[in-house]
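Asker: Sharing work02.cif here; it has mmCIF, C-alpha atoms and all ligand atoms.
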```cif
data_target
#
loop_
_atom_site.label_atom_id
_atom_site.label_comp_id
_atom_site.auth_asym_id
_atom_site.auth_seq_id
_atom_site.Cartn_x
_atom_site.Cartn_y
_atom_site.Cartn_z
CA MET A 11 -17.13 17.75 -84.44
CA SER A 12 -17.49 21.48 -83.77
CA GLU A 13 -14.87 23.88 -85.10
CA VAL A 14 -14.64 25.68 -81.74
CA THR A 15 -11.06 25.51 -80.49
CA VAL A 16 -10.28 25.26 -76.81
CA THR A 17 -8.78 28.78 -76.89
CA GLU A 18 -11.98 30.23 -78.40
CA HIS A 19 -13.97 28.40 -75.74
CA LEU A 20 -11.76 29.80 -72.96
CA LEU A 21 -12.08 33.32 -74.31
CA MET A 22 -15.87 32.94 -74.41
CA GLU A 23 -15.90 31.76 -70.76
CA GLU A 24 -13.59 34.63 -69.84
CA ARG A 25 -15.99 37.17 -71.36
CA LEU A 26 -18.73 35.86 -69.05
CA SER A 27 -16.62 36.68 -66.00
CA PRO A 28 -16.54 40.46 -65.38
CA HIS A 29 -13.36 40.38 -63.26
CA ALA A 30 -11.35 38.12 -65.56
CA THR A 31 -7.80 39.31 -66.16
CA GLY A 32 -6.84 36.71 -68.73
CA GLN A 33 -4.38 35.05 -66.31
CA PHE A 34 -6.47 31.90 -66.02
CA THR A 35 -6.70 31.60 -69.81
CA THR A 36 -2.92 31.97 -69.99
CA LEU A 37 -2.53 29.20 -67.43
CA LEU A 38 -4.79 26.82 -69.35
CA ASN A 39 -3.12 27.67 -72.65
CA ASP A 40 0.29 26.76 -71.22
CA LEU A 41 -1.16 23.61 -69.73
CA ILE A 42 -2.55 22.72 -73.17
CA LEU A 43 0.84 23.28 -74.79
CA SER A 44 2.45 21.01 -72.17
CA ALA A 45 -0.20 18.36 -72.87
CA LYS A 46 0.55 18.51 -76.61
CA ILE A 47 4.27 18.04 -75.95
CA ILE A 48 3.57 15.08 -73.65
CA ALA A 49 1.05 13.60 -76.14
CA ARG A 50 3.68 13.74 -78.87
CA SER A 51 6.09 11.63 -76.81
CA VAL A 52 3.42 9.25 -75.54
CA SER A 53 2.30 8.58 -79.12
CA LYS A 54 5.89 7.65 -80.05
CA ALA A 55 6.40 5.32 -77.06
CA GLY A 56 7.97 2.19 -78.50
CA LEU A 57 9.73 4.18 -81.22
CA LEU A 58 11.76 6.50 -78.99
CA ASP A 59 13.79 5.31 -76.04
CA VAL A 60 11.08 6.35 -73.60
CA LEU A 61 9.75 3.02 -72.41
CA GLY A 62 10.64 1.39 -69.11
CA GLY A 63 11.66 2.67 -65.72
CA THR A 64 14.36 5.14 -64.76
CA GLY A 65 15.49 2.79 -61.98
CA GLU A 66 14.38 5.34 -59.39
CA VAL A 67 11.47 5.32 -56.94
CA ASN A 68 9.22 8.35 -56.33
CA ILE A 69 7.85 9.83 -53.11
CA GLN A 70 4.94 7.37 -53.31
CA GLY A 71 7.38 4.40 -53.33
CA GLU A 72 6.52 3.63 -56.97
CA ASN A 73 8.97 3.00 -59.82
CA ILE A 74 9.44 6.11 -61.92
CA GLN A 75 8.88 5.52 -65.61
CA LYS A 76 10.95 7.46 -68.14
CA LEU A 77 7.81 9.07 -69.58
CA ASP A 78 6.69 9.98 -66.06
CA GLU A 79 9.89 11.90 -65.55
CA PHE A 80 9.61 13.53 -68.97
CA ALA A 81 5.98 14.62 -68.43
CA ASN A 82 6.87 15.98 -65.00
CA HIS A 83 9.77 17.96 -66.42
CA VAL A 84 7.66 19.41 -69.26
CA LEU A 85 4.93 20.56 -66.87
CA ILE A 86 7.28 22.08 -64.31
CA TYR A 87 9.40 23.86 -66.93
CA ARG A 88 6.50 25.21 -68.99
CA MET A 89 4.16 26.15 -66.17
CA ALA A 90 6.91 27.90 -64.18
CA ARG A 91 7.29 30.17 -67.24
CA SER A 92 3.57 30.88 -67.65
CA GLY A 93 3.92 34.00 -65.48
CA VAL A 94 0.68 33.30 -63.60
CA ILE A 95 1.72 30.59 -61.13
CA CYS A 96 3.43 30.95 -57.76
CA ALA A 97 3.78 27.30 -56.75
CA MET A 98 3.18 23.77 -57.98
CA GLY A 99 2.72 20.35 -56.44
CA SER A 100 3.49 17.23 -58.44
CA GLU A 101 2.83 13.62 -57.60
CA GLU A 102 6.47 13.00 -58.45
CA ASN A 103 7.98 15.65 -56.15
CA ALA A 104 8.06 15.30 -52.38
CA ASP A 105 7.88 19.04 -51.71
CA LEU A 106 6.13 22.08 -53.05
CA ILE A 107 7.76 23.49 -56.19
CA HIS A 108 8.27 27.25 -55.88
CA VAL A 109 8.42 29.39 -59.00
CA SER A 110 11.77 31.16 -59.00
CA GLU A 111 11.85 34.85 -58.05
CA ASP A 112 13.63 35.53 -61.33
CA LEU A 113 10.47 34.63 -63.23
CA PRO A 114 7.19 36.55 -63.38
CA ARG A 115 4.66 35.00 -60.99
CA GLY A 116 0.91 35.11 -60.41
CA ASP A 117 -1.55 33.92 -57.78
CA TYR A 118 -2.37 30.47 -59.13
CA ILE A 119 -1.22 27.17 -57.65
CA LEU A 120 -1.13 24.11 -59.89
CA ILE A 121 -1.26 20.56 -58.53
CA PHE A 122 -0.83 17.68 -60.95
CA ASP A 123 -0.20 14.02 -61.57
CA PRO A 124 2.00 14.29 -64.69
CA LEU A 125 1.36 10.81 -66.04
CA ASP A 126 -1.29 8.87 -64.20
CA GLY A 127 -1.34 5.13 -64.92
CA SER A 128 2.28 5.18 -66.01
CA SER A 129 2.85 1.55 -65.07
CA ASN A 130 0.63 0.84 -68.11
CA ILE A 131 2.81 2.68 -70.64
CA ASP A 132 4.92 -0.30 -71.62
CA VAL A 133 1.81 -2.22 -72.69
CA ASN A 134 0.38 0.68 -74.71
CA ILE A 135 -2.61 1.35 -72.48
CA ASN A 136 -4.13 4.79 -71.91
CA VAL A 137 -2.43 7.16 -69.49
CA GLY A 138 -3.23 10.74 -68.59
CA THR A 139 -2.36 14.00 -66.85
CA ILE A 140 -4.66 15.10 -64.04
CA PHE A 141 -4.63 18.74 -62.86
CA SER A 142 -6.11 20.87 -60.13
CA ILE A 143 -5.97 24.67 -60.08
CA LEU A 144 -6.08 26.60 -56.81
CA ARG A 145 -5.64 30.24 -56.00
CA ARG A 146 -3.72 32.07 -53.32
CA LYS A 147 -5.76 34.17 -50.94
CA GLN A 148 -6.09 37.70 -52.33
CA GLY A 149 -3.43 40.10 -51.16
CA VAL A 150 -1.05 37.42 -49.76
CA LYS A 151 2.46 37.96 -51.07
CA GLY A 152 5.90 36.44 -50.47
CA PRO A 153 6.95 32.79 -50.58
CA VAL A 154 4.04 30.34 -50.71
CA MET A 155 3.57 28.36 -47.49
CA LEU A 156 2.43 24.74 -47.63
CA GLU A 157 -0.61 25.61 -45.45
CA GLU A 158 -1.86 27.93 -48.22
CA VAL A 159 -1.77 25.06 -50.68
CA LEU A 160 -3.57 22.54 -48.47
CA GLN A 161 -7.05 23.66 -49.50
CA PRO A 162 -10.19 21.51 -49.73
CA GLY A 163 -11.18 20.55 -53.26
CA MET A 164 -14.21 22.84 -53.20
CA HIS A 165 -11.78 25.78 -53.43
CA GLN A 166 -10.48 24.61 -56.80
CA VAL A 167 -11.03 27.20 -59.53
CA GLY A 168 -10.50 24.65 -62.25
CA ALA A 169 -9.75 20.97 -62.67
CA GLY A 170 -9.52 18.32 -65.33
CA TYR A 171 -7.42 15.81 -67.15
CA VAL A 172 -5.80 15.00 -70.46
CA LEU A 173 -6.29 11.45 -71.68
CA TYR A 174 -3.63 10.07 -73.99
CA GLY A 175 -5.64 7.32 -75.70
CA PRO A 176 -6.57 6.41 -79.28
CA SER A 177 -7.05 10.17 -79.52
CA THR A 178 -5.84 12.77 -77.05
CA MET A 179 -8.65 14.41 -75.11
CA LEU A 180 -8.81 17.33 -72.71
CA ILE A 181 -11.69 17.36 -70.24
CA PHE A 182 -12.02 20.25 -67.84
CA THR A 183 -14.27 22.39 -65.74
CA THR A 184 -13.95 25.90 -64.40
CA GLY A 185 -17.13 25.51 -62.38
CA HIS A 186 -19.46 26.11 -65.33
CA GLY A 187 -20.08 22.54 -66.46
CA VAL A 188 -17.69 20.07 -68.01
CA HIS A 189 -16.47 20.26 -71.59
CA GLY A 190 -14.40 17.83 -73.61
CA PHE A 191 -11.99 18.64 -76.45
CA THR A 192 -10.29 16.24 -78.84
CA LEU A 193 -6.87 16.95 -80.30
CA ASP A 194 -6.98 17.09 -84.09
CA PRO A 195 -3.37 16.12 -84.86
CA SER A 196 -3.59 17.45 -88.41
CA VAL A 197 -4.03 21.04 -87.17
CA GLY A 198 -2.56 20.62 -83.67
CA GLU A 199 -5.67 22.06 -82.00
CA PHE A 200 -8.03 20.74 -79.35
CA LEU A 201 -11.56 21.06 -80.80
CA LEU A 202 -14.77 21.03 -78.79
CA SER A 203 -16.14 17.50 -79.16
CA HIS A 204 -18.13 16.97 -75.93
CA LYS A 205 -20.12 20.04 -74.90
CA ASP A 206 -21.63 20.22 -71.42
CA MET A 207 -20.98 16.60 -70.42
CA ARG A 208 -23.46 14.95 -68.04
CA ILE A 209 -22.87 11.64 -66.29
CA PRO A 210 -25.89 9.28 -66.31
CA GLU A 211 -27.69 9.27 -62.95
CA GLU A 212 -27.12 5.53 -62.73
CA GLY A 213 -24.82 3.19 -64.64
CA LYS A 214 -24.31 -0.46 -65.45
CA ILE A 215 -20.57 -0.78 -64.81
CA TYR A 216 -18.52 -1.00 -61.62
CA SER A 217 -14.77 -0.55 -61.73
CA VAL A 218 -12.47 -1.78 -58.97
CA ASN A 219 -9.32 -3.85 -58.45
CA GLU A 220 -11.16 -6.88 -57.18
CA GLY A 221 -7.88 -8.72 -56.54
CA ASN A 222 -7.81 -6.69 -53.32
CA TRP A 223 -10.97 -8.40 -52.01
CA PRO A 224 -9.17 -10.34 -49.22
CA VAL A 225 -7.59 -7.14 -47.84
CA TRP A 226 -10.77 -5.02 -47.88
CA ASP A 227 -12.97 -4.35 -44.89
CA ARG A 228 -16.54 -5.66 -44.75
CA ALA A 229 -18.07 -2.41 -46.04
CA ALA A 230 -15.98 -2.42 -49.22
CA GLN A 231 -16.76 -6.09 -49.80
CA GLU A 232 -20.45 -5.38 -49.36
CA CYS A 233 -20.33 -2.54 -51.91
CA VAL A 234 -18.84 -4.81 -54.55
CA THR A 235 -21.28 -7.60 -53.70
CA TYR A 236 -24.10 -5.07 -54.11
CA PHE A 237 -23.08 -4.21 -57.68
CA LYS A 238 -22.45 -7.87 -58.58
CA ASN A 239 -25.71 -9.26 -57.27
CA SER A 240 -28.92 -9.14 -59.23
CA GLY A 241 -31.38 -6.61 -57.87
CA THR A 242 -35.01 -5.94 -58.44
CA GLU A 243 -35.21 -2.15 -58.41
CA ARG A 244 -32.13 -1.52 -60.53
CA GLN A 245 -30.70 -3.43 -63.44
CA ARG A 246 -28.00 -5.57 -61.84
CA PRO A 247 -25.56 -7.36 -61.90
CA TYR A 248 -23.37 -4.61 -63.30
CA SER A 249 -20.51 -5.40 -65.69
CA MET A 250 -16.99 -5.03 -64.34
CA ARG A 251 -14.32 -3.02 -66.19
CA TYR A 252 -10.90 -2.09 -64.79
CA VAL A 253 -8.01 -0.60 -66.74
CA GLY A 254 -5.78 0.32 -63.78
CA SER A 255 -5.25 3.87 -65.13
CA LEU A 256 -7.50 6.14 -63.09
CA VAL A 257 -7.97 8.63 -65.94
CA ALA A 258 -9.11 5.87 -68.30
CA ASP A 259 -11.41 4.22 -65.75
CA PHE A 260 -12.80 7.63 -64.77
CA HIS A 261 -13.33 8.76 -68.34
CA ARG A 262 -15.37 5.66 -69.14
CA THR A 263 -17.37 6.18 -65.94
CA LEU A 264 -18.05 9.82 -66.87
CA LEU A 265 -19.31 8.88 -70.32
CA TYR A 266 -21.21 5.65 -69.59
CA GLY A 267 -22.08 6.13 -65.92
CA GLY A 268 -21.48 3.63 -63.13
CA ILE A 269 -18.93 3.77 -60.37
CA PHE A 270 -15.15 3.65 -59.89
CA MET A 271 -13.98 2.50 -56.46
CA TYR A 272 -10.62 2.41 -54.72
CA PRO A 273 -11.49 1.46 -51.14
CA PRO A 274 -9.01 1.41 -48.25
CA ASP A 275 -7.31 -1.93 -47.66
CA LYS A 276 -4.96 -3.51 -45.14
CA LYS A 277 -1.89 -2.14 -46.96
CA ASN A 278 -3.36 1.25 -47.95
CA THR A 279 -5.36 2.04 -44.85
CA HIS A 280 -6.14 5.57 -46.09
CA GLY A 281 -6.72 4.42 -49.67
CA LYS A 282 -4.17 4.44 -52.48
CA LEU A 283 -5.16 7.46 -54.55
CA ARG A 284 -3.90 10.95 -53.86
CA LEU A 285 -6.42 13.50 -52.59
CA MET A 286 -4.93 16.64 -54.11
CA CYS A 287 -3.75 15.45 -57.52
CA GLU A 288 -6.25 12.68 -58.28
CA ALA A 289 -9.41 12.53 -56.15
CA SER A 290 -10.19 16.26 -55.75
CA PRO A 291 -9.83 17.28 -59.41
CA LEU A 292 -11.88 14.31 -60.63
CA ALA A 293 -14.45 14.99 -57.89
CA MET A 294 -14.88 18.55 -59.19
CA VAL A 295 -15.31 17.22 -62.73
CA VAL A 296 -17.84 14.57 -61.71
CA GLU A 297 -19.90 16.97 -59.57
CA GLN A 298 -19.98 19.52 -62.36
CA ALA A 299 -21.28 16.73 -64.61
CA GLY A 300 -24.03 15.82 -62.11
CA GLY A 301 -22.27 12.92 -60.34
CA LYS A 302 -20.81 12.41 -56.88
CA ALA A 303 -17.50 11.54 -55.20
CA ILE A 304 -17.06 10.35 -51.61
CA ASP A 305 -14.48 8.60 -49.44
CA GLY A 306 -17.20 6.20 -48.25
CA ARG A 307 -18.78 8.63 -45.85
CA ARG A 308 -17.66 12.17 -46.68
CA ARG A 309 -17.79 14.30 -49.81
CA ILE A 310 -14.31 14.39 -51.37
CA LEU A 311 -14.52 18.13 -52.13
CA GLU A 312 -14.96 18.94 -48.42
CA LEU A 313 -11.86 17.07 -47.23
CA LEU A 314 -8.98 19.21 -45.97
CA PRO A 315 -5.66 17.66 -47.04
CA GLU A 316 -3.31 17.08 -44.09
CA LYS A 317 -0.31 17.01 -46.39
CA LEU A 318 0.55 17.47 -50.05
CA HIS A 319 0.55 13.74 -50.76
CA ALA A 320 -2.40 12.75 -48.55
CA ARG A 321 -4.23 9.66 -49.76
CA VAL A 322 -7.93 8.97 -49.70
CA PRO A 323 -10.39 6.14 -50.46
CA LEU A 324 -12.41 7.04 -53.55
CA PHE A 325 -15.93 6.14 -54.73
CA ILE A 326 -16.81 8.26 -57.75
CA GLY A 327 -19.41 8.20 -60.49
CA SER A 328 -23.16 8.25 -61.06
CA SER A 329 -25.07 9.85 -58.19
CA ARG A 330 -27.35 6.89 -57.46
CA ASP A 331 -24.47 4.42 -57.54
CA VAL A 332 -22.39 6.55 -55.15
CA ASP A 333 -25.46 6.96 -52.90
CA ALA A 334 -25.71 3.15 -52.70
CA VAL A 335 -22.11 3.02 -51.43
CA ALA A 336 -22.74 5.83 -48.91
CA GLU A 337 -25.74 3.92 -47.61
CA ILE A 338 -23.65 0.76 -47.08
CA TYR A 339 -20.85 2.68 -45.32
CA THR A 340 -23.38 4.46 -43.07
CA ARG A 341 -24.81 1.07 -42.08
CA HIS A 342 -21.31 -0.14 -41.18
CA GLY A 343 -20.85 2.91 -38.91
P1 LIG B 1 0.62 4.18 -61.66
O1 LIG B 1 0.68 5.63 -62.14
O2 LIG B 1 1.79 3.77 -60.82
O3 LIG B 1 0.37 3.23 -62.80
O4 LIG B 1 -0.63 4.07 -60.66
C1 LIG B 1 -1.89 4.24 -61.19
C2 LIG B 1 -2.88 4.51 -60.11
O5 LIG B 1 -2.44 5.51 -59.24
C3 LIG B 1 -4.24 4.90 -60.69
O6 LIG B 1 -4.12 5.50 -61.95
C4 LIG B 1 -4.97 3.58 -60.76
O7 LIG B 1 -6.37 3.74 -60.67
C5 LIG B 1 -4.44 2.84 -59.59
O8 LIG B 1 -3.12 3.32 -59.37
C6 LIG B 1 -4.37 1.37 -59.85
O9 LIG B 1 -3.94 0.75 -58.70
P2 LIG B 1 -3.91 -0.85 -58.58
O10 LIG B 1 -2.82 -1.33 -59.51
O11 LIG B 1 -3.59 -1.10 -57.14
O12 LIG B 1 -5.26 -1.36 -58.96
#
```
For this file, produce the structure as structure tokens.
Ligand code: AFP

Answerer:
Amino acid sequence: MSEVTVTEHLLMEERLSPHATGQFTTLLNDLILSAKIIARSVSKAGLLDVLGGTGEVNIQGENIQKLDEFANHVLIYRMARSGVICAMGSEENADLIHVSEDLPRGDYILIFDPLDGSSNIDVNINVGTIFSILRRKQGVKGPVMLEEVLQPGMHQVGAGYVLYGPSTMLIFTTGHGVHGFTLDPSVGEFLLSHKDMRIPEEGKIYSVNEGNWPVWDRAAQECVTYFKNSGTERQRPYSMRYVGSLVADFHRTLLYGGIFMYPPDKKNTHGKLRLMCEASPLAMVVEQAGGKAIDGRRRILELLPEKLHARVPLFIGSSRDVDAVAEIYTRHG
């Protein structure tokens, strides 16, 4: 593993940008500190009284886990004090979170899913934090309006995720490729372990909750059939892997190639995953690594969110595998 720390890496990237003020580096450094605090609690799940639900239900209608609430609190508290953010959007909060006027503020907007895959915590399976960084239009002052936040993913200035797994990893992009860092717990630093990550052009794994087959439309069923059936041109059938934590399923897809799919179904007619805090940040990461992300027909990064918690179908991964899905959806009209 290289000895380059994530801070050194950020400073090097900052030097390449002539107009950099250091605010973005500050933001990422505070995000990294939050991730370390969350990682510490996640790694002690089972020892501390952090397992199980709080008994409450979030804006998405899902049971809130204790660690979910803790991760959300850490991020909101820390990032509000970074001095460079004006507003935040969390998967756990119905409304936009405004940074108090009593605190120093900047132009950045942070959208996050504090603990993705949290229903897996009690069984000790990987979870993660997904983040998307947006910027206010230059010169706009005063309270942040929701319309300013509802930007298409292609306006993100940075995006990534922290994976709390056998080791804690930070994967992010600022639009100059994707880099991965692994937390060395003995020194408490994220060290560069995966430089300039590239997703294979084509994979051998498809990832989907196939239990939803009866509630999918014909196009989604055809996509899964395509990856299951043996083909002549490509090596098929693909293997199937599904963790049920998007960060974990995405991370495997990024490293090994293949495709992750969450199609719309009869219950989730617009898909289950959240556009702003899940699909868009991962779409930026995958595109920067040479892959693709679509909702079946349209590029995820071009979609304009209608609301903070808009949902979207997601097909993400190796470019040729995503192209195969796009071709099937086009045929279905
Ligand atoms: P939780 O955070 O409630 O566990 O939801 C996880 C998630 O949003 C995403 O991480 C998974 O890919 C997806 O849901 C799994 O959904 P299914 O359980 O419907 O397959």

Asker: What does the list of residues within 7 Å of ligand LIG 1 (chain B) look like if you count only C-alpha atoms and all ligand atoms, written as an MDAnalysis selection string?

Answerer: chainID A and resid 72 125:130 219 254:257 283

Asker: Pick out the closest residue to Met155 of chain A from this set: A:Ile42, A:Val253, A:Phe200, A:Leu106. Count all atoms listed in the file.

Answerer: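 Nearest to Met155 of chain A: A:Leu106.
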
Asker: One number please: atom CA of Met98 of chain A to atom CA of Arg262 of chain A, in Å, one decimal.

Answerer: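 Taking atom CA of Met98 of chain A as the start and atom CA of Arg262 of chain A as the end point, the length is 28.2 Å.
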
Asker: For each of A:Pro210, A:Gly152, A:Gly185, A:Pro224, take the minimum atom-to-atom distance to Gln298 of chain A, counting all atoms listed in the file, then give the residue where this is smallest.

Answerer: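 Closest to Gln298 of chain A, using all atoms listed in the file: A:Gly185.
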
Asker: Between A:Cys287, A:Leu318, A:Leu37, A:Ala230, which is the closest to Val218 of chain A once you count only C-alpha atoms?

Answerer: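 Among the listed residues, A:Ala230 lies closest to Val218 of chain A.
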
Asker: Using all atoms listed in the file, collect all residues at a distance of at most 7 Å from (-2.1, 16.7, -65.8) as written in the file, then present them as number ranges by chain.

Answerer: A: 122-125, 138-141, 171-172

Asker: Report the distance between atom CA of Val94 of chain A and atom CA of Phe260 of chain A in Å, rounded to one decimal place.

Answerer: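 A separation of 29.0 Å between them.
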
Asker: Between A:Gly93, A:Ser329, A:Gly281, A:Ala299, which has the minimum distance to Gly190 of chain A (counting all atoms listed in the file)?

Answerer: A:Ala299

Asker: List every protein, DNA or RNA residue that has an atom no more than 12 Å from (-14.6, 20.2, -83.3) in the file's coordinate frame, counting all atoms listed in the file, and report them as a PyMOL selection string.

Answerer: chain A and resi 11-16+18-19+179+189-194+197+199-205

Asker: Distance atom CA of His108 of chain A-atom CA of Leu20 of chain A, one decimal place?

Answerer: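 We find that atom CA of His108 of chain A and atom CA of Leu20 of chain A lie 26.4 Å from each other.
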